[in-house]
$ cat entry16.csv   # CSV, C-alpha atoms
chain,number,residue,atom,x,y,z
X,667,MET,CA,4.9,-22.8,-3.9
X,668,VAL,CA,3.1,-21.2,-1.0
X,669,LEU,CA,1.4,-18.8,-3.3
X,670,LEU,CA,0.2,-21.6,-5.5
X,671,ALA,CA,-1.2,-23.5,-2.5
X,672,ILE,CA,-3.1,-20.6,-0.9
X,673,PRO,CA,-6.5,-21.3,-2.4
X,674,TRP,CA,-6.5,-24.7,-0.8
X,675,LEU,CA,-5.3,-23.5,2.6
X,676,VAL,CA,-7.6,-20.6,3.4
X,677,SER,CA,-11.2,-19.7,3.5
X,678,SER,CA,-13.1,-18.0,0.7
X,679,SER,CA,-12.9,-14.7,2.6
X,680,MET,CA,-9.2,-15.0,3.1
X,681,LEU,CA,-8.8,-15.9,-0.6
X,682,ASN,CA,-10.5,-12.7,-1.6
X,683,ALA,CA,-8.1,-10.9,0.8
X,684,ALA,CA,-5.2,-12.7,-0.9
X,685,ILE,CA,-6.3,-11.4,-4.3
X,686,GLN,CA,-6.5,-7.8,-2.9
X,687,MET,CA,-3.0,-8.3,-1.4
X,688,LEU,CA,-1.6,-9.3,-4.7
X,689,ILE,CA,-3.2,-6.3,-6.5
X,690,ALA,CA,-2.0,-3.9,-3.8
X,691,ALA,CA,1.5,-5.4,-4.0
X,692,LEU,CA,1.6,-4.8,-7.8
X,693,PHE,CA,0.3,-1.3,-7.4
X,694,ALA,CA,3.0,-0.5,-4.8
X,695,MET,CA,5.7,-2.0,-7.0
X,696,ALA,CA,4.6,0.3,-9.9
X,697,PHE,CA,4.6,3.3,-7.6
X,698,SER,CA,8.0,2.3,-6.2
X,699,LEU,CA,9.5,2.3,-9.7
X,700,LEU,CA,8.8,6.0,-9.9
X,701,CYS,CA,9.3,7.0,-6.3
X,702,GLY,CA,12.0,4.6,-5.0
X,703,GLN,CA,13.9,3.9,-8.2
X,704,ALA,CA,13.7,7.3,-9.9
X,705,GLY,CA,13.1,9.5,-6.8
X,706,MET,CA,9.9,11.2,-8.1
X,707,LEU,CA,7.2,11.3,-5.5
X,708,SER,CA,3.8,11.1,-7.0
X,709,PHE,CA,0.6,12.1,-5.1
X,710,GLY,CA,-1.7,11.1,-8.0
X,711,HIS,CA,-1.1,7.5,-9.0
X,712,ALA,CA,-4.7,6.7,-8.3
X,713,ALA,CA,-5.5,8.2,-11.7
X,714,TYR,CA,-3.7,5.5,-13.7
X,715,PHE,CA,-5.0,2.8,-11.4
X,716,GLY,CA,-8.5,4.0,-12.0
X,717,LEU,CA,-8.1,4.5,-15.7
X,718,GLY,CA,-6.8,1.0,-16.1
X,719,ALA,CA,-9.8,-0.3,-14.2
X,720,PHE,CA,-12.3,1.5,-16.4
X,721,ALA,CA,-10.5,0.6,-19.6
X,722,THR,CA,-10.7,-3.1,-18.6
X,723,VAL,CA,-14.4,-2.9,-17.8
X,724,HIS,CA,-15.1,-1.3,-21.1
X,725,ALA,CA,-13.0,-4.0,-22.8
X,726,MET,CA,-15.0,-6.7,-20.9
X,727,ASN,CA,-18.3,-5.3,-22.3
X,728,ALA,CA,-16.9,-4.8,-25.8
X,729,PHE,CA,-15.2,-8.2,-26.4
X,730,ASN,CA,-17.3,-10.4,-24.0
X,731,GLY,CA,-14.2,-12.4,-23.2
X,732,GLU,CA,-13.6,-13.4,-26.8
X,733,GLY,CA,-11.8,-12.1,-29.9
X,734,LEU,CA,-8.7,-10.0,-29.6
X,735,LEU,CA,-9.0,-9.7,-25.8
X,736,PRO,CA,-10.2,-12.9,-24.1
X,737,THR,CA,-10.7,-12.7,-20.4
X,738,PRO,CA,-7.1,-13.7,-19.5
X,739,LEU,CA,-5.7,-10.9,-21.7
X,740,LEU,CA,-8.0,-8.2,-20.6
X,741,PRO,CA,-5.4,-6.7,-18.2
X,742,LEU,CA,-3.5,-5.6,-21.3
X,743,ALA,CA,-6.2,-3.0,-21.9
X,744,GLY,CA,-5.7,-1.5,-18.5
X,745,ALA,CA,-1.9,-1.5,-19.0
X,746,ALA,CA,-2.2,0.1,-22.5
X,747,VAL,CA,-4.4,2.9,-21.2
X,748,GLY,CA,-2.2,3.4,-18.2
X,749,LEU,CA,0.8,3.7,-20.5
X,750,VAL,CA,-0.8,6.3,-22.8
X,751,SER,CA,-2.1,8.4,-19.9
X,752,GLY,CA,1.2,8.1,-18.2
X,753,VAL,CA,3.0,9.5,-21.3
X,754,VAL,CA,0.6,12.5,-21.4
X,755,ALA,CA,0.7,13.2,-17.7
X,756,GLY,CA,4.4,12.4,-17.4
X,757,TYR,CA,5.3,14.9,-20.1
X,758,PHE,CA,3.8,17.8,-18.1
X,759,SER,CA,4.7,16.5,-14.6
X,760,THR,CA,8.4,15.9,-15.3
X,761,LYS,CA,9.0,19.4,-16.4
X,762,ARG,CA,9.4,20.2,-12.7
X,763,THR,CA,11.0,18.3,-9.9
X,764,GLY,CA,10.6,17.9,-6.2
X,765,VAL,CA,7.5,19.3,-4.5
X,766,TYR,CA,6.4,21.0,-7.7
X,767,PHE,CA,6.4,17.6,-9.5
X,768,ALA,CA,4.3,16.1,-6.6
X,769,MET,CA,1.8,19.0,-6.7
X,770,ILE,CA,1.4,18.6,-10.5
X,771,THR,CA,0.7,14.9,-10.2
X,772,LEU,CA,-1.9,15.6,-7.4
X,773,ALA,CA,-3.5,18.3,-9.5
X,774,LEU,CA,-3.9,16.1,-12.6
X,775,ALA,CA,-5.4,13.3,-10.5
X,776,GLU,CA,-7.8,15.6,-8.8
X,777,LEU,CA,-8.8,17.1,-12.1
X,778,LEU,CA,-9.6,13.6,-13.4
X,779,HIS,CA,-11.5,12.8,-10.2
X,780,ALA,CA,-13.6,16.0,-10.5
X,781,LEU,CA,-14.4,15.3,-14.2
X,782,ALA,CA,-15.2,11.6,-13.8
X,783,PRO,CA,-18.8,12.0,-12.4
X,784,HIS,CA,-19.7,14.3,-15.3
X,785,LEU,CA,-18.4,12.0,-18.0
X,786,LYS,CA,-21.1,9.4,-17.6
X,787,GLY,CA,-20.5,7.7,-20.9
X,788,THR,CA,-16.9,6.9,-19.9
X,789,PHE,CA,-17.1,6.6,-16.1
X,790,GLY,CA,-20.7,5.7,-15.5
X,791,GLY,CA,-21.5,8.5,-13.1
X,792,GLU,CA,-21.9,7.6,-9.4
X,793,ALA,CA,-23.0,4.1,-10.1
X,794,GLY,CA,-19.9,3.3,-12.1
X,795,ILE,CA,-19.7,0.6,-14.8
X,796,SER,CA,-20.2,-3.1,-14.2
X,797,SER,CA,-19.5,-6.2,-16.3
X,798,PHE,CA,-19.1,-9.9,-16.1
X,799,ARG,CA,-16.1,-12.2,-16.5
X,800,MET,CA,-16.8,-14.5,-19.5
X,801,PRO,CA,-15.4,-18.0,-20.1
X,802,ALA,CA,-12.2,-18.3,-22.2
X,803,TRP,CA,-9.5,-20.8,-23.0
X,804,GLY,CA,-11.5,-23.5,-21.2
X,805,PHE,CA,-11.8,-21.6,-17.9
X,806,GLY,CA,-15.1,-20.2,-16.6
X,807,PHE,CA,-13.5,-17.5,-14.4
X,808,GLY,CA,-16.6,-17.7,-12.2
X,809,THR,CA,-14.8,-18.8,-9.0
X,810,ALA,CA,-12.5,-16.9,-6.8
X,811,ILE,CA,-9.8,-19.6,-7.2
X,812,GLU,CA,-9.6,-19.0,-11.0
X,813,VAL,CA,-9.5,-15.3,-10.4
X,814,TYR,CA,-6.7,-15.7,-7.9
X,815,TYR,CA,-4.5,-17.7,-10.2
X,816,LEU,CA,-5.2,-15.2,-13.1
X,817,THR,CA,-4.2,-12.4,-10.7
X,818,LEU,CA,-1.2,-14.3,-9.4
X,819,PHE,CA,0.1,-14.9,-13.0
X,820,TRP,CA,-0.1,-11.2,-14.0
X,821,VAL,CA,1.4,-10.0,-10.7
X,822,LEU,CA,4.3,-12.4,-10.9
X,823,LEU,CA,4.9,-11.5,-14.5
X,824,ALA,CA,4.8,-7.8,-13.8
X,825,ILE,CA,7.1,-8.0,-10.9
X,826,GLY,CA,9.5,-10.1,-12.9
X,827,LEU,CA,9.5,-7.5,-15.7
X,828,LEU,CA,10.1,-4.7,-13.1
X,829,TYR,CA,13.1,-6.7,-11.8
X,830,LEU,CA,14.5,-7.1,-15.3
X,831,LEU,CA,14.0,-3.4,-15.9
X,832,MET,CA,16.2,-2.6,-12.9
X,833,LEU,CA,19.1,-4.6,-14.6
X,834,THR,CA,18.9,-2.7,-17.9
X,835,PRO,CA,20.6,0.6,-18.7
X,836,LEU,CA,17.2,2.3,-18.4
X,837,GLY,CA,16.9,1.0,-14.8
X,838,ARG,CA,20.4,2.4,-14.0
X,839,LEU,CA,19.5,5.7,-15.6
X,840,ALA,CA,16.4,5.8,-13.4
X,841,LEU,CA,18.7,5.6,-10.4
X,842,GLY,CA,20.7,8.5,-11.9
X,843,LEU,CA,17.5,10.5,-11.9
X,844,ARG,CA,17.2,9.9,-8.2
X,845,GLU,CA,20.8,10.6,-7.3
X,846,ASN,CA,22.0,13.4,-9.6
X,847,GLN,CA,19.9,14.7,-12.5
X,848,ARG,CA,22.4,17.5,-13.2
X,849,ARG,CA,25.2,14.9,-13.9
X,850,LEU,CA,22.9,13.0,-16.3
X,851,ARG,CA,22.2,16.3,-18.1
X,852,PHE,CA,25.9,17.1,-18.2
X,853,LEU,CA,26.6,13.6,-19.7
X,854,GLY,CA,24.2,14.5,-22.5
X,855,TYR,CA,21.0,12.6,-21.5
X,856,ASN,CA,17.6,14.0,-22.1
X,857,VAL,CA,16.4,14.1,-18.5
X,858,HIS,CA,12.9,15.2,-19.4
X,859,ALA,CA,12.4,12.4,-21.9
X,860,LEU,CA,13.9,9.9,-19.5
X,861,GLY,CA,11.6,11.0,-16.6
X,862,THR,CA,8.6,10.8,-18.9
X,863,LEU,CA,9.4,7.3,-19.9
X,864,ILE,CA,9.9,6.1,-16.3
X,865,PHE,CA,6.6,7.8,-15.4
X,866,ALA,CA,4.8,6.1,-18.3
X,867,ILE,CA,6.1,2.7,-17.4
X,868,SER,CA,5.1,3.2,-13.8
X,869,ALA,CA,1.6,4.3,-14.9
X,870,MET,CA,1.4,1.2,-17.2
X,871,PHE,CA,1.9,-1.2,-14.3
X,872,SER,CA,-0.5,0.9,-12.2
X,873,GLY,CA,-3.1,0.5,-14.9
X,874,LEU,CA,-2.4,-3.3,-14.9
X,875,ALA,CA,-3.1,-3.3,-11.2
X,876,GLY,CA,-6.3,-1.4,-11.8
X,877,ALA,CA,-7.3,-3.9,-14.5
X,878,LEU,CA,-6.9,-6.8,-12.1
X,879,GLN,CA,-9.0,-5.0,-9.6
X,880,SER,CA,-11.9,-4.5,-12.0
X,881,LEU,CA,-11.6,-8.2,-13.1
X,882,ASN,CA,-11.8,-9.2,-9.5
X,883,ILE,CA,-14.9,-7.2,-8.6
X,884,GLU,CA,-16.4,-7.0,-12.1
X,885,ALA,CA,-16.9,-3.3,-11.9
X,886,ALA,CA,-15.2,0.1,-11.8
X,887,ASN,CA,-16.3,3.2,-9.9
X,888,TYR,CA,-14.9,6.7,-10.0
X,889,ALA,CA,-14.1,6.3,-6.2
X,890,GLU,CA,-11.0,4.4,-7.5
X,891,LEU,CA,-9.7,7.8,-8.7
X,892,GLU,CA,-9.9,9.4,-5.2
X,893,THR,CA,-7.0,10.8,-3.4
X,894,HIS,CA,-7.1,8.1,-0.7
X,895,VAL,CA,-6.1,5.5,-3.2
X,896,SER,CA,-2.9,7.4,-4.0
X,897,THR,CA,-2.4,7.9,-0.3
X,898,VAL,CA,-2.7,4.2,0.5
X,899,VAL,CA,-0.2,3.1,-2.1
X,900,LEU,CA,2.2,5.8,-0.9
X,901,LEU,CA,1.9,4.7,2.8
X,902,ASN,CA,2.1,1.0,2.0
X,903,SER,CA,5.3,1.5,-0.1
X,904,PHE,CA,7.1,3.5,2.5
X,905,ILE,CA,6.1,1.1,5.3
X,906,GLY,CA,7.7,-1.7,3.3
X,907,GLY,CA,10.6,0.3,2.1
X,908,VAL,CA,10.9,2.0,-1.3
X,909,ARG,CA,14.7,1.5,-1.6
X,910,VAL,CA,14.4,-2.4,-1.4
X,911,PHE,CA,13.0,-4.1,-4.5
X,912,LEU,CA,10.3,-6.2,-2.9
X,913,GLY,CA,9.8,-3.8,0.1
X,914,PRO,CA,6.8,-2.0,-1.3
X,915,ALA,CA,5.1,-5.3,-2.3
X,916,ILE,CA,5.6,-6.8,1.1
X,917,GLY,CA,4.5,-3.6,2.9
X,918,ALA,CA,1.3,-3.4,0.7
X,919,ALA,CA,0.5,-7.1,1.3
X,920,LEU,CA,1.0,-6.8,5.1
X,921,MET,CA,-1.1,-3.6,5.4
X,922,THR,CA,-3.9,-5.0,3.2
X,923,PHE,CA,-4.0,-8.1,5.3
X,924,PHE,CA,-4.0,-5.9,8.4
X,925,GLY,CA,-6.9,-3.8,7.1
X,926,HIS,CA,-8.9,-7.0,6.2
X,927,VAL,CA,-8.4,-8.4,9.7
X,928,THR,CA,-8.9,-5.3,11.8
X,929,SER,CA,-11.8,-3.8,9.8
X,930,ASP,CA,-14.1,-6.5,11.2
X,931,VAL,CA,-12.9,-6.0,14.7
X,932,THR,CA,-12.7,-2.2,15.3
X,933,ARG,CA,-14.2,0.9,13.8
X,934,VAL,CA,-10.9,2.9,14.0
X,935,TRP,CA,-8.7,0.5,12.0
X,936,LEU,CA,-7.6,3.4,9.8
X,937,LEU,CA,-6.3,5.1,12.9
X,938,TYR,CA,-4.1,2.1,13.6
X,939,GLN,CA,-2.8,2.2,10.0
X,940,GLY,CA,-1.9,5.8,10.5
X,941,ILE,CA,-0.1,5.1,13.8
X,942,ILE,CA,1.8,2.3,12.2
X,943,PHE,CA,3.0,4.6,9.4
X,944,VAL,CA,4.1,7.3,11.9
X,945,LEU,CA,6.0,4.8,14.0
X,946,VAL,CA,7.7,3.2,11.0
X,947,MET,CA,8.8,6.6,9.7
X,948,MET,CA,10.1,7.6,13.1
X,949,PHE,CA,12.0,4.5,14.1
X,950,LEU,CA,12.3,2.5,10.8
X,951,PRO,CA,12.9,5.2,8.2
X,952,ARG,CA,14.0,2.7,5.6
X,953,GLY,CA,10.8,0.7,6.0
X,954,ILE,CA,10.3,-2.6,7.6
X,955,VAL,CA,11.9,-4.6,4.9
X,956,GLY,CA,14.6,-2.1,4.4
X,957,GLU,CA,15.6,-2.2,8.0
X,958,LEU,CA,15.6,-6.0,8.1
X,959,VAL,CA,17.8,-6.2,5.0
X,960,GLU,CA,20.3,-3.8,6.4
X,961,ARG,CA,20.4,-5.5,9.8
X,962,PHE,CA,20.9,-9.0,8.4
X,963,SER,CA,23.1,-8.1,5.5
X,964,GLY,CA,26.1,-7.3,7.6
X,965,LYS,CA,26.4,-3.7,6.4
X,966,ARG,CA,26.0,-2.2,9.8
X,967,PRO,CA,29.1,-0.8,11.5
X,968,ALA,CA,30.8,-2.9,14.2
X,969,GLY,CA,28.9,-3.0,17.4
X,970,GLU,CA,25.5,-2.4,15.8
X,971,GLY,CA,24.7,-6.1,15.2
X,972,ILE,CA,21.6,-7.8,16.5
X,973,ARG,CA,21.8,-9.2,20.1
X,974,LEU,CA,19.2,-11.5,21.5
X,975,SER,CA,19.7,-10.0,24.9
X,976,GLU,CA,18.5,-6.6,23.5
X,977,MET,CA,16.0,-7.8,20.9
X,978,LEU,CA,13.8,-9.9,23.3
X,979,PRO,CA,13.3,-7.1,25.9
X,980,ARG,CA,12.7,-4.6,23.1
X,981,LEU,CA,10.0,-6.9,21.6
X,982,ALA,CA,8.4,-7.5,25.0
X,983,GLY,CA,8.3,-3.7,25.6
X,984,ILE,CA,6.7,-3.1,22.2
X,985,ALA,CA,4.1,-5.8,22.9
X,986,VAL,CA,3.2,-4.4,26.3
X,987,ALA,CA,3.0,-0.8,25.0
X,988,ALA,CA,0.9,-1.9,22.0
X,989,LEU,CA,-1.5,-3.7,24.2
X,990,GLY,CA,-1.9,-0.7,26.5
X,991,GLY,CA,-2.3,1.6,23.5
X,992,VAL,CA,-4.9,-0.6,21.9
X,993,VAL,CA,-7.0,-0.9,25.1
X,994,LEU,CA,-6.8,2.9,25.6
X,995,ILE,CA,-7.8,3.7,22.0
X,996,GLU,CA,-10.7,1.2,22.0
X,997,LEU,CA,-12.0,2.6,25.4
X,998,LEU,CA,-11.9,6.1,24.1
X,999,GLN,CA,-13.6,5.1,20.8
X,1000,ARG,CA,-16.4,3.5,22.6
X,1001,VAL,CA,-16.9,6.2,25.2
X,1002,MET,CA,-16.9,8.9,22.5
X,1003,SER,CA,-19.2,7.1,20.2
X,1004,ARG,CA,-22.7,8.5,19.6
X,1005,ASP,CA,-24.4,5.4,20.9
X,1006,TYR,CA,-22.6,5.4,24.2
X,1007,ARG,CA,-23.1,9.1,24.7
X,1008,ALA,CA,-26.8,8.5,24.3
X,1009,LEU,CA,-26.8,5.8,26.9
X,1010,ALA,CA,-24.8,8.0,29.3
X,1011,ALA,CA,-27.0,11.0,28.9
X,1012,GLY,CA,-28.9,10.1,32.1
X,1013,GLY,CA,-25.7,10.5,34.1
X,1014,GLN,CA,-24.8,6.8,34.3
X,1015,TRP,CA,-21.7,5.4,32.7
X,1016,PRO,CA,-22.6,1.9,31.4
X,1017,GLU,CA,-19.8,-0.7,31.6
X,1018,ILE,CA,-18.0,-1.6,28.4
X,1019,THR,CA,-17.3,-5.2,27.5
X,1020,MET,CA,-14.0,-5.6,25.7
X,1021,MET,CA,-11.5,-8.5,25.4
X,1022,GLY,CA,-13.7,-10.7,27.6
X,1023,LEU,CA,-13.6,-8.2,30.4
X,1024,SER,CA,-15.9,-5.5,31.8
X,1025,TRP,CA,-14.6,-2.0,32.0
X,1026,GLN,CA,-16.1,0.7,34.1
X,1027,PRO,CA,-15.4,4.1,32.4
X,1028,GLY,CA,-16.2,6.0,35.6
X,1029,SER,CA,-13.4,4.1,37.5
X,1030,PRO,CA,-9.9,5.6,37.5
X,1031,LEU,CA,-8.5,2.0,37.5
X,1032,THR,CA,-10.0,1.5,34.0
X,1033,TRP,CA,-7.8,4.2,32.6
X,1034,LEU,CA,-4.8,3.6,34.8
X,1035,VAL,CA,-4.3,0.0,33.7
X,1036,PRO,CA,-3.8,0.7,29.9
X,1037,LEU,CA,-1.8,3.9,30.7
X,1038,SER,CA,0.5,2.0,33.0
X,1039,ALA,CA,1.0,-0.7,30.4
X,1040,LEU,CA,1.8,1.9,27.8
X,1041,ALA,CA,4.2,3.7,30.0
X,1042,LEU,CA,5.9,0.4,31.2
X,1043,GLY,CA,6.4,-0.8,27.6
X,1044,LEU,CA,7.8,2.5,26.4
X,1045,ALA,CA,10.1,2.6,29.5
X,1046,LEU,CA,11.4,-0.9,28.7
X,1047,VAL,CA,12.1,-0.1,25.1
X,1048,LEU,CA,13.8,3.2,25.9
X,1049,GLY,CA,15.9,1.5,28.6
X,1050,VAL,CA,17.1,-1.2,26.1
X,1051,ASN,CA,17.9,1.5,23.5
X,1052,ARG,CA,20.0,3.5,26.0
X,1053,ARG,CA,21.9,0.4,27.0
X,1054,ALA,CA,22.5,-0.4,23.3
X,1055,ALA,CA,23.7,3.1,22.7
X,1056,ALA,CA,26.1,2.9,25.6
X,1057,ARG,CA,27.5,-0.4,24.3
X,1058,ARG,CA,28.1,1.1,20.9
X,1059,GLU,CA,29.9,4.1,22.4
X,1060,ALA,CA,32.1,1.8,24.5
X,1061,THR,CA,33.0,-0.3,21.5
X,1062,ALA,CA,33.6,2.6,19.1
$ encode --input "entry16.csv" --output "structure tokens"
Amino acid sequence: MVLLAIPWLVSSSMLNAAIQMLIAALFAMAFSLLCGQAGMLSFGHAAYFGLGAFATVHAMNAFNGEGLLPTPLLPLAGAAVGLVSGVVAGYFSTKRTGVYFAMITLALAELLHALAPHLKGTFGGEAGISSFRMPAWGFGFGTAIEVYYLTLFWVLLAIGLLYLLMLTPLGRLALGLRENQRRLRFLGYNVHALGTLIFAISAMFSGLAGALQSLNIEAANYAELETHVSTVVLLNSFIGGVRVFLGPAIGAALMTFFGHVTSDVTRVWLLYQGIIFVLVMMFLPRGIVGELVERFSGKRPAGEGIRLSEMLPRLAGIAVAALGGVVLIELLQRVMSRDYRALAAGGQWPEITMMGLSWQPGSPLTWLVPLSALALGLALVLGVNRRAAARREATA
């Protein structure tokens, strides 16, 4: 119900962010089918996302929102191309496992990205290919609200299909690929064919996500084939937790929202995303959702439950450390920027206005305050962790 009411609760800018969050969530779920469910880490899923986007733009120009592919059904074109390309790429990629599989997926994606600017008839060169959403089924599809509901329908349908897939024998066999391929081969299953099929299904849903992206922006550019697109979906999925069904979707939605909010506030928002990923992998290796599920599901050993007396000081320490870290990073970013260095070329250090305060870069106090907050917050968190560890040892 909340998802249905979002267009009437948020601004037009946030509505566009909500569309991007839905698309990112679907892309992460498609990636998680391959990585989390089947245990195959791909570094090149941007290829199928981008191919789905270009296929949909070509279909938009070819059918003009009518005939066999009216506007609401255009995402099927992206899904179909994603499926076909996934079969071809999966056939070669799944002949190897582990790091070799990951490198093959990366190589295939980079090959496509390198060829795309030269295949101008297909990818439109540097300018890409643009189109327009045409009216169909009584809807104009000219407003962000209509695009949001169209995106929401396809995303919920795709996630529902992925959930049903997990309950089928094929979904169980995908888990077998992750846990023990040798046993599956011993039981008589064709592991290569199974891996290719899972890869193709994952690519199909990635193509569907790419199709929704091109419908949203009414264009496709070969930048959607770049490595950073594959990197973003990988980071988002692991931040949410690839071993929990909705973990990647929640992680992708949160990080997309985080990027939308912080990109207007700071120039180094990508640095913050990287720091979040490192911290999650260090302290929450199962992902944010994965850790929450484990903590509240009662599966933890005795003595490891959540205690309010430990959680509140830990959260306070994290907040203080985060505040000190943010202030320190923003000060460094401003001091090291080209504009500030030009102002300071005469030997004077102009003050920096930030968070409603004036900071003097030449004053030791300016750097001591955020460093002290960072150290205090970390000390508080470490102290709580040590007390929690001592309690667990005493109850063991």
$ atom_distance --input "entry16.csv" --atom1 "CA of Leu777 in chain X" --atom2 "CA of Trp935 in chain X"
29.3 Å
$ closest_residue --input "entry16.csv" --among "X:Leu945, X:Met706, X:Leu675, X:Ala1055" --to "Leu841 in chain X" --atoms "only C-alpha atoms"
X:Met706
$ closest_residue --input "entry16.csv" --among "X:Ala712, X:Val993, X:Ala982, X:Leu830" --to "Ala869 in chain X" --atoms "only C-alpha atoms"
X:Ala712
$ closest_residue --input "entry16.csv" --among "X:Ala889, X:Leu978, X:Leu900, X:Leu850" --to "Phe720 in chain X" --atoms "all atoms listed in the file"
X:Ala889
$ closest_residue --input "entry16.csv" --among "X:Ala1056, X:Leu1034, X:Val1050, X:Leu717" --to "Gly873 in chain X" --atoms "only C-alpha atoms"
X:Leu717
$ closest_residue --input "entry16.csv" --among "X:Pro736, X:Pro914, X:Gly861, X:Pro1016" --to "Gly842 in chain X" --atoms "only C-alpha atoms"
X:Gly861
